[in-house]
Amino acid sequence: MTSANTGLIDRYGRRAVDLRVSLTDRCNLRCSYCMPPEGLPWLPKQEILTDDEVLRLITVAVTRLGVEEVRFTGGEPLLRPGIVGIVAGSAALTPRPKLSVTTNGIGLARLAVPLRDAGLDRVNVSLDTIDPERFAAIALRRRFDEVIDGLSAAAAAGLTPVKLNTVLLRGINDDEAPALLRFALAHGYELRFIEQMPLDAQHGWSREQMISAAEILASLEAEFDLSPDPAERAGAPAETWLVNGGPAKVGVIGSVTRPFCGDCDRTRLTADGQVRNCLFATGETDLRGLLRGGADDEEIAVRWREAMWGKLPGHGIDDPSFLQPDRPMSAIGG
Ligand code: SAM
Ligand code: SF4
């Protein structure tokens, strides 16, 4: 292998240009579909990459492996004290990657401007309900107002388009799709629904309980006119529809019932320095050991390419032999 920027390709011809970086496995909410009420055994501090180590791996990904976009996630990425510096360091790279954060919104009111000034382009904020009581029931914390304030701050700071991620849960908030869309339209946010996936630490997912993309669309169509979005999907997991003729849009990420694995362009780095070639991968590749063992950038790049080459064609949720990965979503980076 040369040091050229040869890209992260796999044997099915997909090229990973979108890097998800988990900055922490910790979280200040306890969304029922993600974490148990008592939280999880957090990763030991010495196993978490330092800010410099995170930046070094992002640099390898961007300058040697063709990564074009970096999204910071977690756990809750805004809990990472060094996030502004990590964003600034990433924005200083050539070529400059697109930079975004997926967050529950808590802390965004304070961080939106510093993050924008550091070079952040956009945010995705998770919001499953616009009812504060339901929020407390789903996330087990009374912090709804902070999320709403965070959303306003992100929009005011120009971190746009501000996208909302919503997971609907049967019998809990599955009647709320139209209200959430009304809320998003009123504020100029782009709403995307995500089908619930078998990635919760409690292993409580079942296909029967999951609200499917078809159900979400039917519930929206009772109130809105949805027409196919002529814009190309281009590797994006969300299928989008124009709302009442556009230009506003709504998206549905049908990871389970309308999988997009054939177009997947992601590679993932966990907070403890493991590369995962898929959310549902059962194996991972240790870059932290390599990094701390004194490997140079090209050795790291070679290992990363090997990790991606072995990516499976699909997540296999429908396969009877499907095994949920050991790491829950919060420890992989959603
Ligand atoms: N804490 C941040 C947040 O909530 O946005 C970032 C991490 S969170 C794991 C990333 C996204 O994954 C959120 O939008 C969340 O709703 C989603 N998520 C978590 N568990 C999920 C599951 N089992 N199925 C589908 N989406 C899930
Ligand atoms: Fe925390 Fe995000 Fe998981 Fe909710 S979905 S518990 S905010 S990591």
# chains A, B, ... in the order shown; residues from 1 in each chain; ligands from 1

call {"tool": "closest_atom_pairs", "arguments": {"of": "range 213-325 of chain A", "to": "range 23-45 of chain A", "cutoff": "8 Å", "atoms": "only C-alpha atoms", "output": "tab-separated table"}}
result
residue	atom	partner	partner_atom	distance
A:Thr270	CA	A:Leu23	CA	7.4
A:Ala271	CA	A:Leu23	CA	5.0
A:Asp272	CA	A:Leu43	CA	7.6

call {"tool": "residues_around", "arguments": {"residues": "Leu168 in chain A", "least_positions_apart": "6", "cutoff": "7 Å", "atoms": "only C-alpha atoms", "output": "number ranges by chain"}}
result
A: 128, 174, 211

call {"tool": "select_by_dssp", "arguments": {"residues": "range 19-188 of chain A", "states": "strand (DSSP E)", "output": "PyMOL selection string"}}
result
chain A and resi 19-22+69-73+98-103+122-126+163-166

call {"tool": "select_by_dssp", "arguments": {"residues": "range 77-288 of chain A", "states": "alpha helix (DSSP H)", "output": "PyMOL selection string"}}
result
chain A and resi 83-91+108-118+132-139+144-156+177-187+213-221+288

call {"tool": "write_last_selection", "arguments": {"atoms": "C-alpha atoms", "output": "PDB file, in the first residue's frame"}}
result
ATOM      1  CA  ILE A  83     -15.326  18.660  21.808  1.00  0.00           C
ATOM      2  CA  VAL A  84     -14.755  22.251  20.682  1.00  0.00           C
ATOM      3  CA  GLY A  85     -11.011  21.657  20.264  1.00  0.00           C
ATOM      4  CA  ILE A  86     -11.618  18.378  18.419  1.00  0.00           C
ATOM      5  CA  VAL A  87     -13.985  20.135  16.012  1.00  0.00           C
ATOM      6  CA  ALA A  88     -11.476  22.971  15.502  1.00  0.00           C
ATOM      7  CA  GLY A  89      -8.659  20.500  14.818  1.00  0.00           C
ATOM      8  CA  SER A  90     -10.838  18.619  12.311  1.00  0.00           C
ATOM      9  CA  ALA A  91     -11.860  21.843  10.565  1.00  0.00           C
ATOM     10  CA  LEU A 108     -26.297  22.971  22.936  1.00  0.00           C
ATOM     11  CA  ALA A 109     -27.666  26.310  24.156  1.00  0.00           C
ATOM     12  CA  ARG A 110     -24.211  26.976  25.613  1.00  0.00           C
ATOM     13  CA  LEU A 111     -22.124  25.245  22.939  1.00  0.00           C
ATOM     14  CA  ALA A 112     -23.814  26.153  19.649  1.00  0.00           C
ATOM     15  CA  VAL A 113     -21.795  29.338  19.061  1.00  0.00           C
ATOM     16  CA  PRO A 114     -18.404  27.941  20.207  1.00  0.00           C
ATOM     17  CA  LEU A 115     -18.950  24.863  18.045  1.00  0.00           C
ATOM     18  CA  ARG A 116     -19.907  26.963  15.027  1.00  0.00           C
ATOM     19  CA  ASP A 117     -16.880  29.183  15.554  1.00  0.00           C
ATOM     20  CA  ALA A 118     -14.703  26.068  15.740  1.00  0.00           C
ATOM     21  CA  PRO A 132     -42.453  17.451  28.401  1.00  0.00           C
ATOM     22  CA  GLU A 133     -44.183  14.694  30.411  1.00  0.00           C
ATOM     23  CA  ARG A 134     -43.647  12.146  27.676  1.00  0.00           C
ATOM     24  CA  PHE A 135     -40.066  13.305  27.341  1.00  0.00           C
ATOM     25  CA  ALA A 136     -39.518  12.537  31.022  1.00  0.00           C
ATOM     26  CA  ALA A 137     -41.195   9.139  30.592  1.00  0.00           C
ATOM     27  CA  ILE A 138     -39.005   8.183  27.607  1.00  0.00           C
ATOM     28  CA  ALA A 139     -35.663   9.712  28.644  1.00  0.00           C
ATOM     29  CA  PHE A 144     -37.125  18.813  27.782  1.00  0.00           C
ATOM     30  CA  ASP A 145     -36.733  22.600  28.014  1.00  0.00           C
ATOM     31  CA  GLU A 146     -32.969  22.354  27.647  1.00  0.00           C
ATOM     32  CA  VAL A 147     -33.378  20.414  24.402  1.00  0.00           C
ATOM     33  CA  ILE A 148     -35.811  22.985  23.006  1.00  0.00           C
ATOM     34  CA  ASP A 149     -33.437  25.808  23.991  1.00  0.00           C
ATOM     35  CA  GLY A 150     -30.566  23.921  22.385  1.00  0.00           C
ATOM     36  CA  LEU A 151     -32.500  23.613  19.138  1.00  0.00           C
ATOM     37  CA  SER A 152     -33.214  27.354  19.027  1.00  0.00           C
ATOM     38  CA  ALA A 153     -29.568  28.139  19.781  1.00  0.00           C
ATOM     39  CA  ALA A 154     -28.364  25.847  16.996  1.00  0.00           C
ATOM     40  CA  ALA A 155     -30.677  27.504  14.465  1.00  0.00           C
ATOM     41  CA  ALA A 156     -29.683  30.989  15.653  1.00  0.00           C
ATOM     42  CA  ALA A 177     -45.727  11.866  14.156  1.00  0.00           C
ATOM     43  CA  PRO A 178     -48.004  14.626  12.760  1.00  0.00           C
ATOM     44  CA  ALA A 179     -47.477  16.879  15.814  1.00  0.00           C
ATOM     45  CA  LEU A 180     -43.718  16.484  15.537  1.00  0.00           C
ATOM     46  CA  LEU A 181     -43.869  17.371  11.849  1.00  0.00           C
ATOM     47  CA  ARG A 182     -45.986  20.452  12.598  1.00  0.00           C
ATOM     48  CA  PHE A 183     -43.429  21.482  15.205  1.00  0.00           C
ATOM     49  CA  ALA A 184     -40.538  20.943  12.769  1.00  0.00           C
ATOM     50  CA  LEU A 185     -42.275  22.895   9.988  1.00  0.00           C
ATOM     51  CA  ALA A 186     -43.055  25.786  12.318  1.00  0.00           C
ATOM     52  CA  HIS A 187     -39.396  26.107  13.328  1.00  0.00           C
ATOM     53  CA  ALA A 213     -41.600   3.128   8.073  1.00  0.00           C
ATOM     54  CA  ALA A 214     -44.948   2.191   6.465  1.00  0.00           C
ATOM     55  CA  GLU A 215     -46.810   2.974   9.692  1.00  0.00           C
ATOM     56  CA  ILE A 216     -44.984   6.285  10.092  1.00  0.00           C
ATOM     57  CA  LEU A 217     -45.842   7.322   6.539  1.00  0.00           C
ATOM     58  CA  ALA A 218     -49.496   6.304   6.949  1.00  0.00           C
ATOM     59  CA  SER A 219     -49.780   8.363  10.107  1.00  0.00           C
ATOM     60  CA  LEU A 220     -48.228  11.428   8.430  1.00  0.00           C
ATOM     61  CA  GLU A 221     -50.369  11.046   5.315  1.00  0.00           C
ATOM     62  CA  ARG A 288      -5.932   2.351  19.926  1.00  0.00           C
TER      63      ARG A 288
END

call {"tool": "residues_near_ligand", "arguments": {"ligand": "ligand 1", "cutoff": "9 Å", "atoms": "only C-alpha atoms and all ligand atoms", "output": "count of residues only"}}
result
50

call {"tool": "closest_residue", "arguments": {"among": "A:Gly107, A:Gly82, A:Pro97, A:Pro237", "to": "ligand 2", "atoms": "only C-alpha atoms and all ligand atoms"}}
result
A:Gly107

call {"tool": "closest_residue", "arguments": {"among": "A:Leu312, A:Val162, A:Val17, A:Ile172", "to": "Arg122 in chain A", "atoms": "only C-alpha atoms"}}
result
A:Val162

call {"tool": "atom_distance", "arguments": {"atom1": "CA of Leu65 in chain A", "atom2": "CA of Ile253 in chain A"}}
result
26.8 Å

call {"tool": "closest_atom_pairs", "arguments": {"of": "range 202-278 of chain A", "to": "range 313-320 of chain A", "cutoff": "10 Å", "atoms": "only C-alpha atoms", "output": "CSV"}}
result
residue,atom,partner,partner_atom,distance
A:Arg207,CA,A:Asp318,CA,9.8
A:Ser255,CA,A:His315,CA,9.2
A:Val256,CA,A:Ile317,CA,7.1
A:Thr257,CA,A:Asp318,CA,9.2
A:Pro259,CA,A:Gly314,CA,8.2
A:Phe260,CA,A:Gly314,CA,8.4
A:Cys261,CA,A:Gly314,CA,5.2
A:Gly262,CA,A:Pro313,CA,6.7
A:Asp263,CA,A:Pro313,CA,9.8
A:Cys264,CA,A:Gly314,CA,9.2
A:Cys278,CA,A:His315,CA,7.7

call {"tool": "atom_distance", "arguments": {"atom1": "CA of Ile300 in chain A", "atom2": "CA of Asp52 in chain A"}}
result
15.1 Å

call {"tool": "closest_residue", "arguments": {"among": "A:Leu79, A:Val252, A:Leu93, A:Leu323", "to": "ligand 2", "atoms": "only C-alpha atoms and all ligand atoms"}}
result
A:Leu79

call {"tool": "residues_around", "arguments": {"residues": "Arg15 in chain A", "least_positions_apart": "6", "cutoff": "6 Å", "atoms": "only C-alpha atoms", "output": "JSON, numbers by chain"}}
result
{"A": [8, 9, 265]}

call {"tool": "residues_around", "arguments": {"residues": "Leu57 in chain A", "least_positions_apart": "4", "cutoff": "10 Å", "atoms": "only C-alpha atoms", "output": "compact mmCIF listing (two decimals) with N, CA, C and O atoms, in the first residue's frame"}}
result
# COMPACT_ATOMS: atom_id res chain seq x y z
N VAL A 21 -17.68 9.37 14.64
CA VAL A 21 -16.73 9.30 15.75
C VAL A 21 -17.49 9.41 17.06
O VAL A 21 -18.13 10.44 17.33
N LEU A 49 -9.87 7.26 24.04
CA LEU A 49 -8.85 8.02 23.30
C LEU A 49 -8.76 9.44 23.86
O LEU A 49 -9.77 10.04 24.20
N ASP A 52 -6.03 14.33 21.52
CA ASP A 52 -4.98 14.27 20.49
C ASP A 52 -5.08 12.96 19.69
O ASP A 52 -4.87 12.95 18.48
N GLU A 53 -5.39 11.86 20.38
CA GLU A 53 -5.51 10.58 19.68
C GLU A 53 -6.71 10.58 18.74
O GLU A 53 -6.64 10.07 17.61
N ALA A 61 -7.90 9.41 8.66
CA ALA A 61 -9.09 9.11 7.86
C ALA A 61 -9.28 10.13 6.73
O ALA A 61 -9.61 9.78 5.60
N VAL A 62 -9.04 11.39 7.06
CA VAL A 62 -9.32 12.45 6.07
C VAL A 62 -8.18 12.57 5.04
O VAL A 62 -8.44 12.73 3.85
N THR A 63 -6.94 12.48 5.51
CA THR A 63 -5.83 12.75 4.59
C THR A 63 -5.34 11.50 3.86
O THR A 63 -4.70 11.61 2.83
N LEU A 269 -15.79 4.90 14.43
CA LEU A 269 -14.71 4.84 15.41
C LEU A 269 -15.32 5.00 16.79
O LEU A 269 -16.01 5.99 17.06
N GLY A 273 -11.39 3.74 20.54
CA GLY A 273 -10.45 3.55 19.45
C GLY A 273 -10.60 2.26 18.66
O GLY A 273 -9.62 1.73 18.13
N LEU A 287 -7.61 0.15 16.81
CA LEU A 287 -6.62 1.14 16.38
C LEU A 287 -5.92 1.77 17.59
O LEU A 287 -4.82 2.30 17.46
N ARG A 288 -6.56 1.73 18.76
CA ARG A 288 -5.93 2.35 19.93
C ARG A 288 -4.62 1.65 20.27
O ARG A 288 -3.60 2.30 20.53
N LEU A 291 -2.01 2.62 17.75
CA LEU A 291 -1.62 4.02 17.98
C LEU A 291 -0.69 4.13 19.19
O LEU A 291 0.40 4.72 19.12
N ASP A 297 1.30 6.68 10.74
CA ASP A 297 -0.01 6.93 10.14
C ASP A 297 -0.34 5.91 9.05
O ASP A 297 -1.49 5.48 8.91
N ILE A 300 -1.57 2.65 10.46
CA ILE A 300 -2.95 2.79 10.93
C ILE A 300 -3.91 2.76 9.74
O ILE A 300 -4.94 2.09 9.75
N ALA A 301 -3.51 3.47 8.68
CA ALA A 301 -4.37 3.52 7.49
C ALA A 301 -4.56 2.13 6.90
O ALA A 301 -5.66 1.74 6.49
N TRP A 304 -6.99 0.15 8.95
CA TRP A 304 -8.36 0.67 8.77
C TRP A 304 -8.93 0.17 7.44
O TRP A 304 -10.08 -0.27 7.36

call {"tool": "atom_distance", "arguments": {"atom1": "CA of Thr285 in chain A", "atom2": "CA of Glu306 in chain A"}}
result
9.0 Å

call {"tool": "closest_residue", "arguments": {"among": "A:Arg14, A:Leu140, A:Ala236, A:Leu19", "to": "Arg276 in chain A", "atoms": "only C-alpha atoms"}}
result
A:Leu19

call {"tool": "closest_residue", "arguments": {"among": "A:Arg143, A:Arg268, A:Lys163, A:Arg292", "to": "ligand 2", "atoms": "only C-alpha atoms and all ligand atoms"}}
result
A:Arg143

call {"tool": "residues_around", "arguments": {"residues": "Thr282 in chain A", "least_positions_apart": "5", "cutoff": "8 Å", "atoms": "only C-alpha atoms", "output": "PDB file with N, CA and C atoms, in the first residue's frame"}}
result
ATOM      1  N   LEU A 323     -27.321 -11.954  15.189  1.00  0.00           N
ATOM      2  CA  LEU A 323     -26.919 -11.754  16.581  1.00  0.00           C
ATOM      3  C   LEU A 323     -26.763 -10.265  16.817  1.00  0.00           C
ATOM      4  N   GLN A 324     -27.387  -9.759  17.853  1.00  0.00           N
ATOM      5  CA  GLN A 324     -27.206  -8.348  18.193  1.00  0.00           C
ATOM      6  C   GLN A 324     -25.761  -8.148  18.652  1.00  0.00           C
ATOM      7  N   PRO A 325     -25.111  -7.046  18.199  1.00  0.00           N
ATOM      8  CA  PRO A 325     -23.734  -6.846  18.638  1.00  0.00           C
ATOM      9  C   PRO A 325     -23.635  -6.700  20.160  1.00  0.00           C
ATOM     10  N   ASP A 326     -22.473  -7.042  20.711  1.00  0.00           N
ATOM     11  CA  ASP A 326     -22.283  -6.935  22.162  1.00  0.00           C
ATOM     12  C   ASP A 326     -22.398  -5.496  22.628  1.00  0.00           C
TER      13      ASP A 326
END

call {"tool": "closest_residue", "arguments": {"among": "A:Met210, A:Ile106, A:Leu290, A:Val302", "to": "ligand 2", "atoms": "only C-alpha atoms and all ligand atoms"}}
result
A:Ile106
